[in-house]
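Structure file run39.tsv with TSV, C-alpha atoms and all ligand atoms:
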chain	number	residue	atom	x	y	z
A	1060	MET	CA	32.05	-9.16	38.97
A	1061	THR	CA	31.33	-12.66	40.30
A	1062	ARG	CA	34.27	-15.03	40.04
A	1063	THR	CA	33.54	-18.33	38.33
A	1064	ILE	CA	35.28	-21.61	39.06
A	1065	PHE	CA	34.87	-24.48	36.58
A	1066	VAL	CA	34.45	-27.98	38.05
A	1067	LEU	CA	35.20	-30.54	35.33
A	1068	ASN	CA	34.40	-34.24	35.64
A	1069	GLY	CA	35.71	-37.00	33.40
A	1070	PRO	CA	34.56	-40.47	32.39
A	1071	ASN	CA	32.16	-42.58	34.43
A	1072	LEU	CA	31.56	-39.88	37.03
A	1073	ASN	CA	28.00	-39.56	35.69
A	1074	MET	CA	27.52	-43.03	37.25
A	1075	LEU	CA	28.24	-41.90	40.82
A	1076	GLY	CA	25.65	-43.21	43.25
A	1077	LYS	CA	25.35	-46.48	41.31
A	1078	ARG	CA	29.05	-47.00	40.58
A	1079	GLU	CA	31.08	-48.98	43.17
A	1080	PRO	CA	29.45	-47.26	46.17
A	1081	GLY	CA	31.91	-49.02	48.49
A	1082	ILE	CA	34.67	-46.91	46.91
A	1083	TYR	CA	32.88	-43.74	45.77
A	1084	GLY	CA	29.97	-43.48	48.22
A	1085	GLY	CA	26.26	-43.07	47.62
A	1086	LYS	CA	26.12	-39.45	46.46
A	1087	THR	CA	25.22	-38.78	42.84
A	1088	LEU	CA	27.07	-36.26	40.69
A	1089	ALA	CA	23.98	-34.04	40.95
A	1090	ASP	CA	24.28	-34.14	44.78
A	1091	ILE	CA	27.95	-33.12	44.50
A	1092	GLN	CA	27.05	-30.36	42.04
A	1093	ALA	CA	24.52	-29.00	44.55
A	1094	ASP	CA	27.13	-29.10	47.35
A	1095	CYS	CA	29.59	-27.18	45.14
A	1096	ALA	CA	26.97	-24.58	44.16
A	1097	SER	CA	25.98	-23.90	47.76
A	1098	HIS	CA	29.63	-23.68	48.85
A	1099	GLY	CA	30.20	-21.12	46.08
A	1100	GLU	CA	27.10	-19.16	47.04
A	1101	ILE	CA	28.23	-18.90	50.68
A	1102	HIS	CA	31.75	-17.84	49.68
A	1103	GLY	CA	30.88	-15.48	46.85
A	1104	PHE	CA	31.76	-17.29	43.65
A	1105	SER	CA	29.79	-19.20	41.04
A	1106	VAL	CA	30.46	-22.77	40.00
A	1107	ASP	CA	30.19	-24.00	36.41
A	1108	PHE	CA	29.92	-27.78	36.87
A	1109	ARG	CA	30.31	-30.14	33.89
A	1110	GLN	CA	30.87	-33.83	33.10
A	1111	SER	CA	31.99	-35.60	29.93
A	1112	ASN	CA	33.07	-39.12	29.04
A	1113	HIS	CA	35.17	-37.71	26.18
A	1114	GLU	CA	38.79	-36.63	26.53
A	1115	GLY	CA	38.67	-33.95	23.81
A	1116	GLN	CA	35.62	-32.34	25.40
A	1117	LEU	CA	37.57	-31.94	28.65
A	1118	VAL	CA	40.44	-30.36	26.65
A	1119	ASP	CA	37.98	-27.90	25.05
A	1120	TRP	CA	36.50	-27.01	28.45
A	1121	LEU	CA	39.96	-26.34	29.92
A	1122	HIS	CA	40.62	-23.90	27.06
A	1123	GLU	CA	37.21	-22.28	27.59
A	1124	ALA	CA	37.88	-21.94	31.32
A	1125	ASN	CA	40.96	-19.84	30.57
A	1126	ASP	CA	38.64	-17.08	29.22
A	1127	LYS	CA	35.69	-17.53	31.56
A	1128	ALA	CA	36.94	-18.73	34.94
A	1129	VAL	CA	39.46	-17.84	37.63
A	1130	GLY	CA	40.35	-21.49	38.22
A	1131	VAL	CA	39.45	-25.11	37.51
A	1132	ALA	CA	38.88	-28.11	39.79
A	1133	ILE	CA	39.16	-31.29	37.74
A	1134	ASN	CA	38.33	-34.89	38.54
A	1135	ALA	CA	39.63	-36.38	35.32
A	1136	GLY	CA	38.61	-39.92	36.33
A	1137	ALA	CA	40.61	-42.59	34.50
A	1138	TYR	CA	42.06	-39.99	32.08
A	1139	THR	CA	44.13	-38.85	35.07
A	1140	HIS	CA	46.29	-41.91	34.55
A	1141	THR	CA	46.56	-41.82	30.76
A	1142	SER	CA	46.09	-38.39	29.25
A	1143	VAL	CA	49.02	-36.41	27.87
A	1144	ALA	CA	46.38	-34.23	26.15
A	1145	LEU	CA	44.95	-33.12	29.52
A	1146	HIS	CA	48.47	-32.51	30.86
A	1147	ASP	CA	49.23	-30.31	27.85
A	1148	ALA	CA	45.87	-28.48	28.06
A	1149	ILE	CA	46.48	-27.64	31.72
A	1150	ARG	CA	49.96	-26.35	30.88
A	1151	ALA	CA	48.52	-24.32	28.00
A	1152	ILE	CA	46.23	-22.25	30.22
A	1153	SER	CA	47.21	-19.60	32.73
A	1154	ILE	CA	44.61	-20.05	35.50
A	1155	PRO	CA	45.25	-22.43	38.43
A	1156	VAL	CA	43.99	-26.00	38.14
A	1157	VAL	CA	43.48	-28.34	41.11
A	1158	GLU	CA	43.34	-32.12	40.53
A	1159	LEU	CA	40.90	-33.95	42.76
A	1160	HIS	CA	39.77	-37.50	43.42
A	1161	ILE	CA	37.02	-38.92	45.57
A	1162	SER	CA	39.00	-42.02	46.49
A	1163	ASN	CA	42.58	-42.24	47.76
A	1164	VAL	CA	44.14	-43.33	44.48
A	1165	HIS	CA	47.43	-44.17	46.25
A	1166	ALA	CA	45.70	-46.80	48.39
A	1167	ARG	CA	44.27	-48.52	45.29
A	1168	GLU	CA	45.64	-50.42	42.28
A	1169	GLU	CA	49.18	-49.63	41.12
A	1170	PHE	CA	47.94	-48.15	37.82
A	1171	ARG	CA	46.11	-45.41	39.76
A	1172	HIS	CA	49.28	-44.29	41.56
A	1173	LYS	CA	50.56	-42.42	38.51
A	1174	SER	CA	48.87	-39.19	37.48
A	1175	MET	CA	49.67	-37.75	34.05
A	1176	ILE	CA	48.29	-34.37	35.12
A	1177	ALA	CA	49.77	-33.98	38.63
A	1178	ALA	CA	52.94	-32.27	37.40
A	1179	ALA	CA	50.88	-29.69	35.50
A	1180	VAL	CA	48.43	-28.70	38.26
A	1181	LYS	CA	48.76	-26.38	41.26
A	1182	GLY	CA	47.96	-29.15	43.74
A	1183	VAL	CA	46.19	-32.45	44.27
A	1184	ILE	CA	43.39	-33.43	46.67
A	1185	CYS	CA	42.33	-37.05	47.01
A	1186	GLY	CA	40.70	-39.46	49.40
A	1187	PHE	CA	38.13	-37.32	51.17
A	1188	GLY	CA	35.09	-38.74	49.41
A	1189	PRO	CA	32.78	-36.20	47.75
A	1190	TYR	CA	34.14	-33.61	50.20
A	1191	SER	CA	37.30	-33.57	47.99
A	1192	TYR	CA	35.28	-31.29	45.67
A	1193	VAL	CA	34.64	-28.72	48.42
A	1194	LEU	CA	38.30	-28.85	49.46
A	1195	ALA	CA	39.37	-28.20	45.86
A	1196	LEU	CA	36.99	-25.22	45.69
A	1197	GLN	CA	38.36	-23.85	48.97
A	1198	ALA	CA	41.91	-24.11	47.62
A	1199	LEU	CA	40.98	-22.33	44.38
A	1200	ASP	CA	38.98	-19.65	46.19
A	1201	ASN	CA	42.00	-18.96	48.36
A	1202	LEU	CA	44.39	-18.92	45.38
A	1203	THR	CA	42.27	-16.54	43.30
A	1204	ARG	CA	41.04	-13.86	45.75
B	1	LIG	C1	38.72	-41.16	40.56
B	1	LIG	C2	39.89	-42.16	40.67
B	1	LIG	C3	40.29	-42.69	39.30
B	1	LIG	O1	41.36	-43.62	39.43
B	1	LIG	C4	39.11	-43.40	38.65
B	1	LIG	O2	39.46	-43.82	37.36
B	1	LIG	C5	37.88	-42.57	38.65
B	1	LIG	C6	37.55	-41.78	39.83
B	1	LIG	C7	38.22	-40.69	41.94
B	1	LIG	O3	37.52	-39.68	41.98
B	1	LIG	O4	38.51	-41.31	42.96
B	1	LIG	O5	37.09	-42.60	37.70
B	1	LIG	O6	39.19	-40.02	39.85

Would it be possible to restate this file's structure as structure tokens?
Ligand code: DQA
Amino acid sequence: MTRTIFVLNGPNLNMLGKREPGIYGGKTLADIQADCASHGEIHGFSVDFRQSNHEGQLVDWLHEANDKAVGVAINAGAYTHTSVALHDAIRAISIPVVELHISNVHAREEFRHKSMIAAAVKGVICGFGPYSYVLALQALDNLTR
């Protein structure tokens, strides 16, 4: 059976391409989705790629992933820095979760240095631009073979 990895995106990531290109680059979320799908195809897993601006939706998708996926890569956007609910949802599921960020959050404003989800995830990838998504998929592929 084909393994599925969920890639979950939080608030404002639907604006990639138009949003602060000096920080996030010129790729759209659809471009990144296509990169993730082709990486999965080459390496033998399928990618279920989603985006929501709503915290509770991300919580629901984490729960859903527990039944349908072998792992989750999550760019929680600004909820990374605020969400106890995402921390708890990650701890509530049994599959590995990798936190990822396009930008190097540690080289940015102080409020981005703290992640509410980092202690609940398997590992964190940040600062590699859109390639952070592929790195997160590689890590999950390796963890779930
Ligand atoms: C981000 C970093 C967050 O601090 C920010 O709120 C985002 C994007 C990133 O991918 O670099 O929305 O998660």

Subject >> Within 8 Å of ligand LIG 1 (chain B), counting only C-alpha atoms and all ligand atoms, residues as a list in words >> reply: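 Written in the requested form, the residues are Gly1069, Pro1070, Asn1071, Leu1072, Ile1082, Tyr1083, Asn1134, Ala1135, Gly1136, Ala1137, Tyr1138, Thr1139, His1140, Leu1159, His1160, Ile1161, Ser1162, Asn1163, Val1164, Arg1171, Cys1185, Gly1186 and Gly1188 of chain A.
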
Original post:
Of the candidates A:Leu1088, A:Asn1201, A:Ile1149, A:Ala1096, which shows the shortest atom-to-atom distance to Val1180 (chain A), using all atoms listed in the file?
Top reply: A:Ile1149

Original post:
When distances are computed from all atoms listed in the file, which of A:Ile1064, A:Leu1194, A:Ile1184, A:Leu1199 shows the smallest separation from Ala1128 (chain A)?
Top reply: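 Of A:Ile1064, A:Leu1194, A:Ile1184, A:Leu1199, the one nearest Ala1128 (chain A) is A:Ile1064, counting all atoms listed in the file.
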
Original post:
Could you pull the residues within 7 Å of region 1116-1118 of chain A, counting all atoms listed in the file, minus those fewer than 3 positions along the same chain, as an NGL selection string?
Top reply: :A and (1111 or 1113 or 1121-1122 or 1145 or 1148)

Subject >> Test item: which residues lie within 6 Å of (35.1, -26.0, 35.4) counting all atoms listed in the file, as a PyMOL selection string >> reply: chain A and resi 1064-1067+1107-1108+1131

Original post:
Which is closer to Gly1130 (chain A) than all the others in A:Ser1097, A:Ile1152, A:Val1143, A:Gly1085, using all atoms listed in the file?
Top reply: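 Nearest candidate to Gly1130 (chain A) out of A:Ser1097, A:Ile1152, A:Val1143, A:Gly1085: A:Ile1152.
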
Original post:
So how far away is CA of Ala1089 (chain A) from CA of Phe1170 (chain A), in Å?
Top reply: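 Interatomic distance, CA of Phe1170 (chain A) to CA of Ala1089 (chain A): 28.0 Å.
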
Box centre and edge lengths (Å, one decimal), axis-aligned, region 1147-1166 of chain A plus 3 Å each side, as JSON:
{"center_x": 43.5, "center_y": -33.2, "center_z": 38.1, "size_x": 18.9, "size_y": 33.2, "size_z": 26.5}

**OP:** Find the distance between CA of Pro1189 (chain A) and CA of Ile1091 (chain A) and write it in Å to one decimal.
**Re:**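 CA of Pro1189 (chain A) sits 6.6 Å away from CA of Ile1091 (chain A).
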
Original post:
What does the distance from CA of Ala1132 (chain A) to CA of Gly1115 (chain A) come to in Å, to one decimal?
Top reply: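 Straight-line distance from CA of Ala1132 (chain A) to CA of Gly1115 (chain A) works out to 17.0 Å.
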
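Here the question is which of A:Cys1095, A:Ala1198, A:Met1060, A:Val1106 gets nearest to Val1156 (chain A) using all atoms listed in the file, and that residue is A:Ala1198.
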
Original post:
Contacts of Val1183 (chain A) at 7 Å or less, counting all atoms listed in the file, minus same-chain residues fewer than 6 places along, as a list in words?
Top reply: Val1157, Glu1158, Leu1159 and Ala1177 of chain A

Subject >> Which residue of A:Asp1090, A:Asp1126, A:Asp1147, A:Glu1114 approaches Gly1076 (chain A) most closely, using all atoms listed in the file >> reply: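 Going through A:Asp1090, A:Asp1126, A:Asp1147, A:Glu1114 one by one, the smallest distance to Gly1076 (chain A) is for A:Asp1090.
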
Subject >> Minimum-distance residue to Ser1174 (chain A), chosen among A:Thr1141, A:Asn1068, A:Thr1203, A:Gln1197 (using only C-alpha atoms) >> reply: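 Answer, going by the shortest atom-to-atom distance: A:Thr1141.
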